[in-house]
Amino acid sequence: MVGRPQIPSHLKNNNNTRRILLPIQPQLPYLQLSNAQMERTRVVPTLSTFYGGNPRHDDTIDTLQALIRKYINLPTRIIDESEYKTSRFISFEDYSKLMESGTRLKIAHYKEFVLLLNRLRSIDTQLLPRDVSETLQKYTVRTGEASTTANSMKTLDKWGRAKAEAKRKRSRAGVHIVKGDGHVIVNGLQFTQYFTRESDRRKIAYPFQVIGQEAQYNVFARTNGGGVSGQVEAIMYAISKALVVFNPLLKPRLHKAGLLTSDTRKVERKKPGKVKARKSPTWVKR
Amino acid sequence: MLRSVTTRALARVPSRSVRSLSSSNILLAPKKKQGAQPAKKLKQGYNKKKDGAGEKKAKAGGMTHLGFDDAVRALKFEKLAVKLDSLEIGKLQHNGLEKLQQSVVKYDDETQFALFRLGMFKKFQHHEMFESPISLVSNNTSKLSNEFIDQLDGPSINNRVCLIGEKGTGKSTLLAQAAALARSKYNNEVILLHLESPLKITEGSSDYFFNKSLTKFHQPMFTKKWLYKLRSANETIFKKLKLTRDILFTIKKQEYTLKKDENTVWDLVYKNKDFGKMASTNAFQFLLEELIHHSKEVPVLASIDDISVITTNPNTAYRHTDLKKIHVSELEIGDLILKLISGEVSFSKGGVLLGESKDSGKDTHTLRVGLRLEQYDPWLKAYECDNTIANKFLANEGVKVFDVKNLSSEESTELLEFYEATGALKVRPYPAKVHKTLTAVEQAEAASFDKTLHFEKIAKSYYTITGGNPRELLKSSVLSY
């Protein structure tokens, strides 16, 4: 009797159900097979939404809706704007590539997708199930702010140095500071040799005065571009940033002293019809 | 009646003048007193007694025509300073120098006078801030004492040292300290030959005269002034040194003779006017030979500050008759300096101490090549590296280099403590606003002022700002001008 082809014993325990090839006798009298037997022989697609317009997208939507239905009774919360900024979901283009939909995926599909993800994200954080958080993580991407936040948590290097960079006008400065006794070297030269004006040296020492830790750090600065004042202030801002690496609690104090925000003023461009940025040529009555 | 008065009044008015509309002004004018004479013209007299010209008038303007920097020195600002005796400041001595380490010292009276006459206290050192010149005994002082002062018993050809360092590290101060230590070590029986700056011989401010026998140029004005200083500073020792030869010289057509073993070097320097004579003399060479002879018993410390003047620009402002510039080696004093540097002129006991200066204009390679800090580049031009002078430094095993370093943190703090004790440094709370939003405790904290803690912060802050440079430390902590 021709019956349903049996699954060989060595393949029975195989978890890879997709690749099981059942040997079918070449001369199967299929007209003698019943509907059930015929059912077993046809190729069944993996996705249940295979025959839809956007199989993968539809499958994703089904998965998300299933999760929502599963955890419908869990309390939800209102999501902050800052949380929207720090963690966003993948873009439409990335989703389209992931779904391998080409041009079939529309904005409306994407919006539906995001809506469902936001609904899942709104589940209370303390009760968020693991499968929901894993699903959300799969479709979440870090924004620039989040990456900045991650990168700003700098630490000391293996020699105990803090490194920071800053700029002012056209000048750029990079400094390494390390625990020491107050020596400053700029571009390989002594402090008094490179900055001959005392007011410039006082500006560079100002961040240490603000935090009350004078002569406790050695500074090695590299600077280029711009003029003397620009280089001085660039080093000053860089030292402030480097001090935050040593102790993040110093950040509010340095911020109040105006040392964490570089002065954004630049040389104003010259405009046509003017001699300089603002200066006009001599007015002649006639 | 009225008509006749009017007629007479109008007759007095010149016919060419503008006629007035009324005559009332003429009639009502006060009449001239009869017999009144015009005021006599005062005779200008210069007799103090009669005219009172000798009476001192209070000046309406300032006390002096000098600028502030020169005025504080000329008007003796140091008289208002805190007395150093109250601060128990020690005196700089060679014996027991280790105990004086990292402490502020002053000079004893005789040494201070000698150093003052030699011009070792510079204007930019601002000694007018204190009662008398002071200095800090730093690591540099101890090191120089070991490497130079202790070698003064040997020939000066083997004891030639050049002080180098960045601007304001204390090279000139170290020269003064070396002179003081030498006097202390030998109980003031040491000859100090100090030249404040070779600029005085190269800048062209003195006259010059060519001596055919010496083939060098005399500078009578400069030589005379310099010998005044040397004579004044070394008076005691000069009076002890007897001449080894007779010398004959003429003053106002009258001949004088100084006898050997009878007259002293002091007599030579005091009485002989040939040093300032615009003629070919060998007076200075005679003096030099006497000093070389006496250096067997009495060490001679020859110190020259601002040696960079010669190395950066060896061509002087003087010119030959063909308008070519005269090189410093062609001057008598310049030649002496170069011979001291090279060791051609060597004292049996003594040393040569040179001090670099960063104020001498654009630096050349001469000094660095001469001190072996740099390899000689044959492609360098003459104005970039003077071979003559560099070879003088390299002669006889070369001049030793002494790198003058900045003060350490402890030394800077010690110096600032002294400034604070003399009142030159003001330690006071920063006049910051106390915000109303602060709590009572925070306000009390902001209002409280711990002078000791604040001084420590100032000391550390100034150490960072100045890098331990003594000149910058003085400027930032003391001066507001």
# chains A, B, ... in the order shown; residues from 1 in each chain; ligands from 1
>>> closest_atom_pairs(of="chain B", to="chain A", cutoff="7 Å", atoms="only C-alpha atoms", output="CSV")
residue,atom,partner,partner_atom,distance
B:Lys457,CA,A:Glu214,CA,6.7
B:Lys460,CA,A:Ala215,CA,5.3
B:Ser461,CA,A:Glu214,CA,5.3
B:Thr464,CA,A:Gly182,CA,5.0
B:Ile465,CA,A:Arg201,CA,5.5
B:Thr466,CA,A:Thr192,CA,6.4
B:Gly467,CA,A:His183,CA,6.4
>>> write_last_selection(atoms="C-alpha atoms", output="PDB file, in the first residue's frame")
ATOM      1  CA  LYS B 457      46.404  78.691  46.501  1.00  0.00           C
ATOM      2  CA  LYS B 460      50.460  77.179  43.582  1.00  0.00           C
ATOM      3  CA  SER B 461      48.619  79.266  41.040  1.00  0.00           C
ATOM      4  CA  THR B 464      51.723  77.203  37.382  1.00  0.00           C
ATOM      5  CA  ILE B 465      51.448  80.589  35.676  1.00  0.00           C
ATOM      6  CA  THR B 466      55.167  81.373  35.843  1.00  0.00           C
ATOM      7  CA  GLY B 467      56.680  77.895  35.696  1.00  0.00           C
TER       8      GLY B 467
END
>>> select_by_dssp(residues="region 3-227 of chain A", states="strand (DSSP E or B)", output="PyMOL selection string")
chain A and resi 76+87-89+123+140-142+162-168+171-179+184-186+189-190+217-224
>>> atom_distance(atom1="CA of Phe347 (chain B)", atom2="CA of Thr202 (chain B)")
25.3 Å
>>> atom_distance(atom1="CA of Lys252 (chain B)", atom2="CA of Met278 (chain B)")
13.7 Å
>>> residues_around(residues="Leu80 (chain B)", least_positions_apart="2", cutoff="10 Å", atoms="only C-alpha atoms", output="ChimeraX atom specification")
/B:76-78,82-83,128-131
>>> write_last_selection(atoms="N, CA, C and O atoms", output="short mmCIF file (atom, residue, chain, number, x, y, z; two decimals), in the first residue's frame")
data_model
loop_
_atom_site.label_atom_id
_atom_site.label_comp_id
_atom_site.auth_asym_id
_atom_site.auth_seq_id
_atom_site.Cartn_x
_atom_site.Cartn_y
_atom_site.Cartn_z
N LYS B 76 64.47 106.63 45.93
CA LYS B 76 64.77 105.77 47.07
C LYS B 76 63.49 105.19 47.68
O LYS B 76 63.19 105.37 48.87
N PHE B 77 62.77 104.48 46.86
CA PHE B 77 61.53 103.85 47.30
C PHE B 77 61.80 102.81 48.38
O PHE B 77 60.93 102.52 49.21
N GLU B 78 63.04 102.29 48.40
CA GLU B 78 63.35 101.22 49.36
C GLU B 78 63.34 101.74 50.81
O GLU B 78 63.27 100.94 51.75
N VAL B 82 59.73 97.42 54.38
CA VAL B 82 59.79 96.79 55.70
C VAL B 82 61.25 96.50 56.04
O VAL B 82 62.02 96.09 55.18
N LYS B 83 61.61 96.70 57.30
CA LYS B 83 62.99 96.45 57.72
C LYS B 83 63.26 94.95 57.69
O LYS B 83 62.49 94.16 58.21
N GLU B 128 64.16 97.89 44.56
CA GLU B 128 63.61 99.01 45.33
C GLU B 128 62.38 98.57 46.14
O GLU B 128 61.88 99.31 46.97
N MET B 129 61.89 97.34 45.88
CA MET B 129 60.75 96.84 46.64
C MET B 129 61.14 96.49 48.08
O MET B 129 60.26 96.38 48.94
N PHE B 130 62.42 96.31 48.33
CA PHE B 130 62.87 95.85 49.64
C PHE B 130 63.93 96.81 50.18
O PHE B 130 64.52 97.57 49.44
N GLU B 131 64.17 96.68 51.47
CA GLU B 131 65.10 97.60 52.11
C GLU B 131 66.49 97.51 51.50
O GLU B 131 67.17 98.51 51.30
#
>>> atom_distance(atom1="CA of Glu147 (chain B)", atom2="CA of Leu97 (chain B)")
13.9 Å
>>> residues_around(residues="Phe217 (chain B)", least_positions_apart="6", cutoff="9 Å", atoms="only C-alpha atoms", output="list in words")
Tyr208, Phe209, Phe210, Asn211, Glu330, Leu331, Glu332 and Ile333 of chain B
>>> residues_around(residues="Gln177 (chain B)", least_positions_apart="6", cutoff="9 Å", atoms="only C-alpha atoms", output="list in words")
Leu92, Tyr107, Ser135, Val137 and Thr141 of chain B
>>> residues_around(residues="Leu136 (chain A)", least_positions_apart="2", cutoff="10 Å", atoms="only C-alpha atoms", output="count of residues only")
15
